[in-house]
Amino acid sequence: MTGKGGVGKTSHAIATALGAAAHRHRVFLLSADPAHSLGDALGRRVGARPVAIAPGVVAREVSVLDELDRSWSEIRRWLRELLRDETDEVLAEELLVFPGLEELMALRAVREVEATGDFDVCVVDCAPTGSTLRMLRFPDALRIFMENFFDLERRSARLLRPLMERIHAAGVVPRDEFFEAIERLYADVEDVRRILMDGDRTTARLVVNPARVVVEETRRSFAYLSLYGVATDAVVVNRLLPAPATGGYLARWAERERGELDSIEASFPIPQFRAPLYPRELRGIEDLAILARDVFGDRDPAAVFTRGRPIRLHKRAGRTRLEIDLPGVSKEEIEVITRGSDLLVQVRNASRWIGLPTSLRGRPIRRARLHEGVLEVDFG
Ligand SMILES: Nc1ncnc2c1ncn2[C@@H]1O[C@H](COP(=O)(O)OP(=O)(O)OP(=O)(O)O)[C@@H](O)[C@H]1O
Ligand SMILES: [Mg+2]
């Protein structure tokens, strides 16, 4: 579950978990939002250790710092040592701060849930869309970093070699632990990426409120999720004014809301679920189970409501076409460039380095066009 700040992600993540458990799934509910709030919404403590919160539902708040410590501290320590005397501060920053890594490490916990074999469904309460998208960029960033800086097979730092030779004198030699840590990190990120981008196993659900700014931001997030290869299978419209509240003082709000609902309909060509604005805060299992029933009725919230592959590669008559779903994006907002073995797709302030299959490397782009919300890139 993701969406703009405060729209109801945590409430709906819990409701989805409870609803899935009511359909006899064994459910794990994971909070990957560093500002954990499962506990607040449930009115009880949930911590880094898995705890049963309802029949069939186990919950856990991932401690990002713990997760990071496991592999990242070694890497950071070495890089910091290596760069200690280096004057290029920008480079040092780049290497030490990987935006999105923390969030991604939280998702490593999904793998652990899967490895237990004790659960059918894992519902993740994600951070607001901004950090979720940063997280999705990370695997690309890491791959580029690895390809440029490291030669893992030879266990050497490639681009850093001249620099390393200079500091060799200072006695700073990357120890084996460093390369092991890098290898582990790389493998972990790759695993998480594989889970996230498998549309049969993982889908994003966007929570939205019928308010202009929320709808606009969520529409962009929808496109960015596709760009990163994550399929979105439903949108949950939360906090709709219920019928008794649509007259009198709130009549004009209700009218605006109808306008926003039309725009939601047009912006998200995927199944839509709705929840009313309740007369009070939702707190505790009972409230959230009511939310689940109101949203899903008899349907199983663990179902995949629509299947899609946001990024597709077609071969036809010797020509190759790459298609990326970019709903709600205009032509002017997109830029496509090939660079070596990668295709760089930029959509406003999000960018994606898509590693091209070997057969396409070095081939020029013959044409790129946006057609009905799909970016089509034809290679020569
Ligand atoms: N449909 C609703 N009716 C009434 N109150 C709601 C509804 N949905 C959410 N709330 C309340 O709104 C507040 C924010 O909801 P919630 O914590 O689920 O949002 P969030 O998107 O997870 O926020 P954050 O971005 O801070 O993580 C909570 O107090 C919750 O009980
Ligand atoms: Mg939340």
# chains A, B, ... in the order shown; residues from 1 in each chain; ligands from 1
$ closest_atom_pairs --of "chain A" --to "ligand 1" --cutoff "9 Å" --atoms "only C-alpha atoms and all ligand atoms" --output "tab-separated table"
residue	atom	partner	partner_atom_place_in_ligand_line	distance
A:Met1	CA	ligand 1	21 (O)	9.0
A:Thr2	CA	ligand 1	21 (O)	7.6
A:Gly3	CA	ligand 1	21 (O)	6.7
A:Lys4	CA	ligand 1	25 (O)	6.3
A:Gly5	CA	ligand 1	25 (O)	3.3
A:Gly6	CA	ligand 1	23 (O)	3.3
A:Val7	CA	ligand 1	21 (O)	4.0
A:Gly8	CA	ligand 1	19 (O)	3.2
A:Lys9	CA	ligand 1	21 (O)	3.7
A:Thr10	CA	ligand 1	22 (O)	3.6
A:Ser11	CA	ligand 1	18 (O)	3.6
A:His12	CA	ligand 1	18 (O)	6.3
A:Ala13	CA	ligand 1	18 (O)	7.9
A:Ile14	CA	ligand 1	18 (O)	8.6
A:Asp33	CA	ligand 1	27 (O)	7.1
A:Ala35	CA	ligand 1	27 (O)	7.0
A:His36	CA	ligand 1	27 (O)	7.5
A:Ser37	CA	ligand 1	17 (O)	6.7
A:Leu38	CA	ligand 1	17 (O)	8.1
A:Asp40	CA	ligand 1	17 (O)	8.1
A:Ala41	CA	ligand 1	31 (O)	6.5
A:Asp125	CA	ligand 1	22 (O)	7.5
A:Cys126	CA	ligand 1	27 (O)	7.9
A:Ala127	CA	ligand 1	27 (O)	6.5
A:Pro128	CA	ligand 1	25 (O)	5.5
A:Thr129	CA	ligand 1	25 (O)	9.0
A:Val207	CA	ligand 1	21 (O)	7.6
A:Val208	CA	ligand 1	21 (O)	8.9
A:Val237	CA	ligand 1	1 (N)	8.9
A:Asn238	CA	ligand 1	1 (N)	5.2
A:Arg239	CA	ligand 1	1 (N)	4.1
A:Leu240	CA	ligand 1	1 (N)	7.2
A:Arg274	CA	ligand 1	1 (N)	9.0
A:Ala275	CA	ligand 1	1 (N)	5.6
A:Pro276	CA	ligand 1	1 (N)	5.1
A:Leu277	CA	ligand 1	3 (N)	3.7
A:Tyr278	CA	ligand 1	3 (N)	3.9
A:Pro279	CA	ligand 1	4 (C)	6.3
A:Arg280	CA	ligand 1	4 (C)	5.4
A:Glu281	CA	ligand 1	31 (O)	3.9
A:Leu282	CA	ligand 1	31 (O)	3.7
A:Arg283	CA	ligand 1	31 (O)	5.8
A:Leu288	CA	ligand 1	31 (O)	8.9
A:Leu291	CA	ligand 1	1 (N)	7.6
$ atom_distance --atom1 "atom CA of Val215 of chain A" --atom2 "atom CA of Arg307 of chain A"
22.5 Å
$ closest_residue --among "A:Thr358, A:Thr232, A:Thr116, A:Ser226" --to "Val345 of chain A" --atoms "only C-alpha atoms"
A:Ser226
$ select_by_dssp --residues "segment 256-299 of chain A" --states "strand (DSSP E or B)" --output "count of residues only"
5
